[in-house]
$ cat coords_7.csv   # CSV, C-alpha atoms and all ligand atoms
chain,number,residue,atom,x,y,z
Y,22,SER,CA,-14.8,-60.5,137.6
Y,23,VAL,CA,-13.1,-58.9,140.5
Y,24,SER,CA,-13.8,-60.2,144.0
Y,25,ALA,CA,-16.5,-58.0,145.6
Y,26,PHE,CA,-14.7,-58.5,148.9
Y,27,LEU,CA,-11.3,-57.3,147.6
Y,28,LEU,CA,-13.0,-54.3,145.8
Y,29,ASN,CA,-14.7,-53.1,149.0
Y,30,ARG,CA,-12.1,-54.3,151.5
Y,31,SER,CA,-11.3,-51.7,154.2
Y,32,SER,CA,-7.6,-51.2,154.5
Y,33,ASP,CA,-7.6,-51.9,158.3
Y,34,LEU,CA,-8.3,-55.6,157.7
Y,35,GLU,CA,-5.2,-57.7,158.1
Y,36,ILE,CA,-3.6,-60.2,155.7
Y,37,LEU,CA,-3.7,-63.3,157.9
Y,38,SER,CA,-1.1,-65.2,155.9
Y,39,GLU,CA,0.5,-65.1,152.5
Y,40,GLY,CA,2.2,-68.0,150.8
Y,41,TYR,CA,3.7,-68.5,147.3
Y,42,THR,CA,0.4,-69.1,145.6
Y,43,LYS,CA,-2.4,-67.7,147.9
Y,44,VAL,CA,-3.2,-64.8,150.2
Y,45,VAL,CA,-5.6,-65.2,153.1
Y,46,TYR,CA,-7.4,-62.1,154.1
Y,47,ASP,CA,-9.3,-61.4,157.3
Y,48,THR,CA,-12.9,-60.2,157.0
Y,49,ASP,CA,-15.4,-58.3,159.2
Y,50,ASP,CA,-16.9,-61.7,160.1
Y,51,PRO,CA,-14.8,-63.5,162.8
Y,52,GLU,CA,-15.6,-66.9,161.2
Y,53,LEU,CA,-14.7,-66.1,157.6
Y,54,THR,CA,-11.7,-65.4,155.5
Y,55,VAL,CA,-11.3,-64.6,151.8
Y,56,ILE,CA,-8.6,-66.5,150.0
Y,57,GLU,CA,-7.1,-65.0,146.8
Y,58,PHE,CA,-5.4,-67.4,144.4
Y,59,LYS,CA,-2.3,-65.9,142.8
Y,60,ASP,CA,-0.8,-66.4,139.3
Y,61,THR,CA,2.5,-67.6,140.8
Y,62,VAL,CA,3.6,-71.2,140.4
Y,63,THR,CA,6.6,-72.9,142.0
Y,64,ALA,CA,8.4,-76.3,141.9
Y,65,PHE,CA,11.2,-78.2,143.6
Y,66,ARG,CA,10.9,-76.6,147.1
Y,67,ASN,CA,10.1,-73.2,145.5
Y,68,ILE,CA,13.5,-73.0,143.8
Y,69,LYS,CA,11.8,-72.8,140.4
Y,70,ARG,CA,9.2,-70.0,140.3
Y,71,ALA,CA,7.2,-68.2,137.7
Y,72,THR,CA,4.1,-66.0,137.2
Y,73,ILE,CA,1.7,-67.4,134.6
Y,74,LYS,CA,-1.2,-65.0,133.8
Y,75,GLY,CA,-4.6,-66.6,134.4
Y,76,LYS,CA,-3.3,-69.6,136.5
Y,77,GLY,CA,-4.8,-68.4,139.8
Y,78,ARG,CA,-8.3,-68.1,138.2
Y,79,LEU,CA,-8.1,-71.7,137.1
Y,80,THR,CA,-6.7,-73.2,140.3
Y,81,CYS,CA,-9.3,-71.2,142.2
Y,82,ARG,CA,-12.1,-72.5,140.0
Y,83,VAL,CA,-11.1,-76.1,140.1
Y,84,SER,CA,-10.6,-76.0,143.9
Y,85,SER,CA,-14.1,-74.3,144.3
Y,86,LEU,CA,-15.7,-77.0,142.2
Y,87,ILE,CA,-13.9,-79.9,144.1
Y,88,MET,CA,-14.5,-78.4,147.6
Y,89,GLY,CA,-18.1,-77.7,146.7
Y,90,TYR,CA,-18.4,-81.3,145.5
Y,91,LEU,CA,-16.9,-82.7,148.7
Y,92,ASN,CA,-19.3,-80.5,150.8
Y,93,SER,CA,-22.2,-81.9,148.8
Y,94,LYS,CA,-21.1,-85.4,149.6
Y,95,GLY,CA,-21.1,-84.7,153.4
Y,96,LEU,CA,-17.4,-84.2,153.9
Y,97,LYS,CA,-16.6,-80.9,155.7
Y,98,THR,CA,-14.4,-78.4,153.9
Y,99,HIS,CA,-13.5,-74.7,154.6
Y,100,PHE,CA,-15.1,-73.7,151.3
Y,101,VAL,CA,-18.2,-71.5,151.5
Y,102,LYS,CA,-18.6,-69.8,148.1
Y,103,ALA,CA,-16.7,-68.4,145.2
Y,104,ASP,CA,-15.9,-64.7,145.2
Y,105,GLY,CA,-15.0,-63.3,141.8
Y,106,ASP,CA,-12.5,-65.0,139.5
Y,107,ASN,CA,-9.7,-65.5,141.9
Y,108,GLY,CA,-11.3,-65.5,145.3
Y,109,GLN,CA,-13.2,-67.8,147.7
Y,110,VAL,CA,-15.0,-67.1,150.9
Y,111,CYS,CA,-13.8,-69.8,153.4
Y,112,LEU,CA,-14.2,-70.6,157.0
Y,113,LYS,CA,-11.4,-69.3,159.1
Y,114,VAL,CA,-9.3,-72.3,160.3
Y,115,ARG,CA,-6.3,-73.1,162.4
Y,116,VAL,CA,-4.2,-75.2,160.1
Y,117,ILE,CA,-2.8,-78.5,161.3
Y,118,PRO,CA,0.8,-78.6,160.2
Y,119,VAL,CA,0.6,-82.0,158.5
Y,120,ARG,CA,0.1,-82.7,154.8
Y,121,ILE,CA,-1.6,-86.0,153.8
Y,122,ILE,CA,-0.5,-87.3,150.4
Y,123,MET,CA,-2.5,-90.1,148.7
Y,124,ARG,CA,-1.1,-92.0,145.8
Y,125,ASN,CA,-2.9,-94.3,143.4
Y,126,ALA,CA,0.1,-94.8,141.0
Y,127,ALA,CA,3.8,-94.0,141.3
Y,128,ALA,CA,4.9,-90.5,140.3
Y,129,GLY,CA,7.2,-87.8,141.8
Y,130,SER,CA,9.0,-88.5,145.0
Y,131,ILE,CA,7.9,-92.2,145.4
Y,132,VAL,CA,9.6,-92.9,142.1
Y,133,ARG,CA,12.8,-91.5,143.4
Y,134,THR,CA,12.5,-93.0,146.9
Y,135,PHE,CA,11.9,-96.6,145.7
Y,136,GLY,CA,13.6,-96.5,142.2
Y,137,ILE,CA,10.4,-97.7,140.5
Y,138,PRO,CA,9.2,-96.7,137.0
Y,139,ALA,CA,6.8,-93.7,136.9
Y,140,GLY,CA,3.3,-94.9,136.3
Y,141,THR,CA,3.8,-98.2,138.3
Y,142,ALA,CA,0.3,-99.2,139.6
Y,143,LEU,CA,0.1,-99.5,143.4
Y,144,LYS,CA,-1.8,-102.5,144.7
Y,145,HIS,CA,-3.9,-100.1,146.9
Y,146,PRO,CA,-3.7,-96.4,147.7
Y,147,VAL,CA,-0.6,-95.4,149.6
Y,148,VAL,CA,-0.9,-92.7,152.3
Y,149,GLU,CA,2.0,-90.5,153.3
Y,150,MET,CA,2.3,-87.7,155.8
Y,151,THR,CA,4.7,-84.7,155.8
Y,152,TYR,CA,5.3,-82.1,158.5
Y,153,LYS,CA,4.5,-78.7,157.1
Y,154,ASN,CA,7.8,-76.9,157.9
Y,155,ASN,CA,9.7,-75.1,155.1
Y,156,ASP,CA,12.8,-74.7,157.2
Y,157,LEU,CA,13.1,-78.5,157.5
Y,158,ASP,CA,12.0,-79.1,153.8
Y,159,ASN,CA,8.7,-80.6,154.9
Y,160,PRO,CA,10.0,-84.0,156.0
Y,161,ILE,CA,8.1,-87.2,155.7
Y,162,ILE,CA,6.7,-88.3,159.1
Y,163,ASN,CA,4.6,-91.1,160.5
Y,164,ARG,CA,1.9,-91.1,163.1
Y,165,ASP,CA,4.4,-91.8,165.9
Y,166,HIS,CA,6.4,-88.8,164.9
Y,167,ALA,CA,3.3,-86.6,164.7
Y,168,ASP,CA,2.0,-87.7,168.1
Y,169,ALA,CA,5.4,-87.8,170.0
Y,170,LEU,CA,6.5,-84.4,168.7
Y,171,GLY,CA,3.2,-82.8,169.4
Y,172,ILE,CA,2.5,-82.0,165.7
Y,173,ALA,CA,-0.9,-83.9,165.7
Y,174,THR,CA,-2.3,-86.6,168.0
Y,175,TYR,CA,-2.9,-90.2,166.9
Y,176,GLU,CA,-6.6,-89.4,167.0
Y,177,GLU,CA,-6.1,-86.4,164.6
Y,178,THR,CA,-4.0,-88.2,162.1
Y,179,GLU,CA,-6.4,-91.1,162.1
Y,180,ALA,CA,-9.3,-88.8,161.3
Y,181,MET,CA,-7.3,-87.0,158.6
Y,182,ILE,CA,-6.2,-90.2,156.9
Y,183,GLU,CA,-9.8,-91.7,157.0
Y,184,THR,CA,-11.2,-88.5,155.4
Y,185,SER,CA,-8.4,-88.5,152.8
Y,186,ARG,CA,-9.3,-92.0,151.8
Y,187,LYS,CA,-12.9,-90.9,151.3
Y,188,VAL,CA,-11.8,-87.9,149.3
Y,189,ASN,CA,-9.6,-90.2,147.2
Y,190,SER,CA,-12.5,-92.6,146.4
Y,191,LEU,CA,-14.8,-89.7,145.5
Y,192,LEU,CA,-12.3,-87.9,143.4
Y,193,CYS,CA,-11.0,-91.0,141.6
Y,194,GLU,CA,-14.5,-91.7,140.5
Y,195,LEU,CA,-15.3,-88.1,139.6
Y,196,PHE,CA,-12.1,-87.7,137.5
Y,197,ALA,CA,-12.5,-91.1,135.8
Y,198,SER,CA,-15.9,-89.9,134.6
Y,199,ILE,CA,-14.2,-87.1,132.7
Y,200,GLY,CA,-11.5,-89.3,131.3
Y,201,VAL,CA,-8.8,-88.3,133.8
Y,202,GLN,CA,-6.8,-90.5,136.2
Y,203,LEU,CA,-6.1,-89.1,139.7
Y,204,VAL,CA,-2.5,-90.2,140.2
Y,205,ASP,CA,-1.9,-88.6,143.5
Y,206,PHE,CA,-2.7,-85.5,145.6
Y,207,LYS,CA,-2.0,-83.5,148.7
Y,208,ILE,CA,-4.6,-82.5,151.2
Y,209,GLU,CA,-4.5,-80.3,154.4
Y,210,PHE,CA,-6.8,-80.0,157.4
Y,211,GLY,CA,-7.6,-77.4,160.0
Y,212,TYR,CA,-10.0,-76.6,162.8
Y,213,THR,CA,-12.8,-74.0,162.7
Y,214,ALA,CA,-13.6,-71.8,165.7
Y,215,ASP,CA,-16.1,-74.4,167.0
Y,216,GLY,CA,-13.5,-77.2,166.9
Y,217,THR,CA,-14.7,-78.9,163.7
Y,218,MET,CA,-12.0,-80.6,161.6
Y,219,VAL,CA,-12.3,-79.5,158.0
Y,220,ILE,CA,-10.4,-79.9,154.7
Y,221,THR,CA,-8.6,-76.7,154.0
Y,222,ASP,CA,-6.0,-75.1,151.6
Y,223,GLU,CA,-6.7,-76.1,147.9
Y,224,ILE,CA,-7.3,-79.2,145.8
Y,225,SER,CA,-6.4,-78.2,142.2
Y,226,PRO,CA,-4.0,-79.1,139.4
Y,227,ASP,CA,-1.3,-77.4,141.5
Y,228,THR,CA,-1.7,-79.9,144.3
Y,229,CYS,CA,-2.7,-83.1,142.4
Y,230,ARG,CA,-1.3,-85.2,139.6
Y,231,PHE,CA,-3.8,-85.9,136.8
Y,232,ARG,CA,-3.3,-87.9,133.6
Y,233,ASN,CA,-5.5,-87.7,130.6
Y,234,MET,CA,-6.6,-91.3,130.1
Y,235,SER,CA,-6.8,-91.2,126.3
Y,236,ASP,CA,-3.2,-90.2,125.7
Y,237,GLY,CA,-1.4,-90.2,129.0
Y,238,ARG,CA,-0.9,-86.4,128.9
Y,239,GLN,CA,-0.1,-84.8,132.2
Y,240,MET,CA,-2.8,-82.2,133.3
Y,241,ASP,CA,-1.2,-80.6,136.4
Y,242,ARG,CA,1.7,-78.7,137.8
Y,243,ASP,CA,4.2,-81.4,136.4
Y,244,ARG,CA,3.7,-79.4,133.1
Y,245,TYR,CA,5.5,-76.6,134.8
Y,246,ARG,CA,7.9,-78.7,136.8
Y,247,TYR,CA,9.2,-80.5,133.7
Y,248,ASP,CA,8.7,-77.7,131.1
Y,249,GLN,CA,6.0,-79.4,129.1
Y,250,GLY,CA,4.3,-76.2,128.1
Y,251,ASP,CA,0.6,-75.4,127.5
Y,252,ILE,CA,-0.1,-74.9,131.3
Y,253,ILE,CA,-3.0,-72.5,130.9
Y,254,ASP,CA,-4.6,-74.4,128.0
Y,255,THR,CA,-4.3,-77.7,129.9
Y,256,TYR,CA,-5.7,-76.3,133.2
Y,257,GLN,CA,-8.5,-74.7,131.2
Y,258,GLU,CA,-9.3,-78.0,129.5
Y,259,LEU,CA,-9.5,-79.8,132.9
Y,260,THR,CA,-11.7,-77.0,134.3
Y,261,ASN,CA,-14.1,-77.2,131.3
Y,262,ARG,CA,-14.5,-81.0,131.7
Y,263,LEU,CA,-15.1,-80.7,135.5
Y,264,GLU,CA,-17.7,-77.9,134.9
Y,265,LYS,CA,-19.6,-80.2,132.6
Y,266,ALA,CA,-19.5,-83.1,135.1
Y,267,LEU,CA,-20.6,-81.1,138.1
J,1,LIG,P1,5.5,-85.7,145.5
J,1,LIG,O1,5.5,-86.9,144.6
J,1,LIG,O2,6.4,-84.6,145.1
J,1,LIG,O3,5.8,-86.2,146.9
J,1,LIG,O4,4.0,-85.1,145.5
J,1,LIG,C1,2.9,-85.9,145.8
J,1,LIG,C2,1.6,-85.1,145.6
J,1,LIG,O5,1.5,-84.0,146.5
J,1,LIG,C3,1.6,-84.4,144.2
J,1,LIG,O6,0.3,-84.5,143.7
J,1,LIG,C4,2.0,-83.0,144.4
J,1,LIG,C5,1.5,-82.7,145.8
J,1,LIG,N1,2.3,-81.8,146.5
J,1,LIG,C6,1.9,-80.5,146.8
J,1,LIG,O7,0.8,-80.2,146.4
J,1,LIG,N2,2.7,-79.7,147.5
J,1,LIG,C7,4.0,-80.0,147.9
J,1,LIG,O8,4.7,-79.2,148.5
J,1,LIG,C8,4.4,-81.4,147.6
J,1,LIG,C9,5.8,-81.8,148.1
J,1,LIG,C10,3.6,-82.2,147.0

$ encode --input "coords_7.csv" --output "structure tokens" --more "lines below"
Ligand code: TMP
Amino acid sequence: SVSAFLLNRSSDLEILSEGYTKVVYDTDDPELTVIEFKDTVTAFRNIKRATIKGKGRLTCRVSSLIMGYLNSKGLKTHFVKADGDNGQVCLKVRVIPVRIIMRNAAAGSIVRTFGIPAGTALKHPVVEMTYKNNDLDNPIINRDHADALGIATYEETEAMIETSRKVNSLLCELFASIGVQLVDFKIEFGYTADGTMVITDEISPDTCRFRNMSDGRQMDRDRYRYDQGDIIDTYQELTNRLEKAL
């Protein structure tokens, strides 16, 4: 189904921002946006790009399910409700330019940084932070960098990390219940108009690593990064399992 908002949207409403995978639209309500998920997928600092028909519908659905689940558990997110296949009504936020990455097992950049085998178990979850800045290739930062450079205060990064740990616990348990290991994920935060810190952006197979427990199959964007194929089928399978669990 097509988003009711996009169908009826008056042309004088602004696009607030557009990235590689999503468009954020202004609405008549000063507190709300509509986010449209696109079929584009990228990898390796956006050097590799493609359009995969139906991908946006699936990342939108998974992110709606996860954000709705986090809301139901008392964590605050920007998500208000789904709007058609590719859209979400969300709270308007001022995004904090920091990405929190949580890792439960070694994959991706930590494998390259430390020269350890992919899949190595980590004794406890590992938190990383990056500065959201494409011109600088989103460098890894720590809390001192964030505070000293005016990117985010100690108080803010502490709150973001604490919430990310809670999200990790909740999602590890949720995904384990559908036979999927949450290997790692990226999460972002922002402030609503009234100053509340909320989880924003998306949480989906585009921003997490998931492994099928029964056969070790990757169920996320690594299928695109490493040309493993069956991206839509795999995202759909993950969506189906999540819908049954929630
Ligand atoms: P990494 O291993 O490449 O550092 O990625 C860690 C996790 O963060 C992985 O689940 C993918 C996710 N991620 C994003 O969603 N967007 C990004 O730009 C990056 C670098 C990672």

$ residues_around --input "coords_7.csv" --residues "Tyr152 in chain Y" --least-positions-apart "6" --cutoff "7 Å" --atoms "all atoms listed in the file" --output "PyMOL selection string"
chain Y and resi 118-120+159-162

$ closest_atom_pairs --input "coords_7.csv" --of "chain Y" --to "ligand LIG 1 (chain J)" --cutoff "7 Å" --atoms "only C-alpha atoms and all ligand atoms" --output "CSV"
residue,atom,partner,partner_atom,distance
Y:Arg66,CA,J:LIG1,O8,6.9
Y:Ile122,CA,J:LIG1,O5,5.5
Y:Ala128,CA,J:LIG1,O1,5.6
Y:Gly129,CA,J:LIG1,O1,3.4
Y:Ser130,CA,J:LIG1,O1,3.9
Y:Ile131,CA,J:LIG1,O1,5.9
Y:Asp205,CA,J:LIG1,O6,4.7
Y:Phe206,CA,J:LIG1,O6,3.7
Y:Lys207,CA,J:LIG1,O5,4.2
Y:Asp227,CA,J:LIG1,O7,6.0
Y:Thr228,CA,J:LIG1,O7,3.3
Y:Cys229,CA,J:LIG1,O6,3.6
Y:Arg230,CA,J:LIG1,O6,4.5

$ atom_distance --input "coords_7.csv" --atom1 "CA of Lys265 in chain Y" --atom2 "CA of Val23 in chain Y"
23.6 Å

$ closest_residue --input "coords_7.csv" --among "Y:Ile121, Y:Cys81, Y:Val201, Y:Ile87" --to "Gly237 in chain Y" --atoms "all atoms listed in the file"
Y:Val201

$ residues_around --input "coords_7.csv" --residues "Lys97 in chain Y" --least-positions-apart "4" --cutoff "8 Å" --atoms "all atoms listed in the file" --output "PyMOL selection string"
chain Y and resi 91-92+218-220
